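To keep things clear, I will list the structure first and then write my remarks on it.
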Amino acid sequence: MKENKGYWILLVILLAWLVVGCAASHTRFVEVKRSAIADNPQVKAKAPYIFSNRYSATNADVRIYEGYLQKTTMMGNVNGRSVIYDDYVDKFNVGNAFGPNDATVVHRSLDPSKRYTALVVVNWGGFGKIYDIYYLHLRPTKDTTRTVWTDSRGWGSSYVNDYVEVSGTDTPAYNNKLDLTWTVYPNEVVRRALVGRVR
């Protein structure tokens, strides 16, 4: 009888632990003293952003510039080649996802007193073949509770200033999309080895 009682006590403890342990993270707020923030000039407001990609066929290089810019002020033409100016304030890659339920997520924090432009270069695969280039204006604010982002599996949540979904795809088209590079396919390598390059 004592063994059964111990079993039930252990079961109740495990259930209570699961309930507490599985609580969504966004329900827990960090408490700080207002005076500790006001008296510390090094503590500045930050606007959290989440950049995400839910597509396995494409990834994206994201560059963030200060100000509201057009594509022509972030990219240029040097000797007939497209170039990207390097005066951005941040650069990161939003990698390929394993599928819609395993999205790639990148967290960034921006200054809410400034305005930004994100230049997004969408790559097809891992060989630098460019699928698309577009830009979007970012308007961070001090209100970090505008959006509650929760991952698709429900394992983690956080308040963010904004959520940016990379405009990729799982089925890249060969026609109607930007293609500034030439891709070598395995069968092309074999053909060249056998018959040489077409002139």
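If you're wondering about the labels, chains in the structure tokens are A, B, ... by order shown, residues count from 1 in each chain, ligands from 1 in order shown.
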
A:Tyr49: which residues within 12 Å, counting only C-alpha atoms, same-chain residues fewer than 2 positions away excluded, as a PyMOL selection string?
chain A and resi 46-47+51-52+64+105-112+116+118+138-149+158-165

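You can rank A:Gly154, A:Pro48, A:Gly99, A:Pro41 by their closest distance to A:Thr169 using only C-alpha atoms, and at the top of that list sits A:Gly99.
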
If you run DSSP on the backbone, which residues of stretch 21-91 of chain A are alpha helix (DSSP H), as a list in words?
Gly21, Arg34, Ser35, Ala36, Ile37, Ala38, Lys71, Thr72, Thr73 and Met74 of chain A

Could you pull out the strand (DSSP E or B) residues of stretch 37-180 of chain A from DSSP and send them as a ChimeraX atom specification?
/A:47-53,58-66,75-78,81-84,90-94,104-110,116-124,129-138,147-150,157-160,162-165

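For the pair atom CA of A:Asp61 and atom CA of A:Thr73, the interatomic distance is 17.4 Å.
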
Would you mind listing what lies within 9 Å of A:Leu136 as an MDAnalysis selection string, with only C-alpha atoms counted and same-chain residues fewer than 3 positions away left out?
chainID A and resid 68:70 116:120

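Of the residues listed (A:Asp151, A:Asp87, A:Glu66, A:Glu31), A:Asp151 shows the shortest atom-to-atom separation from A:Thr104; distances use only C-alpha atoms.
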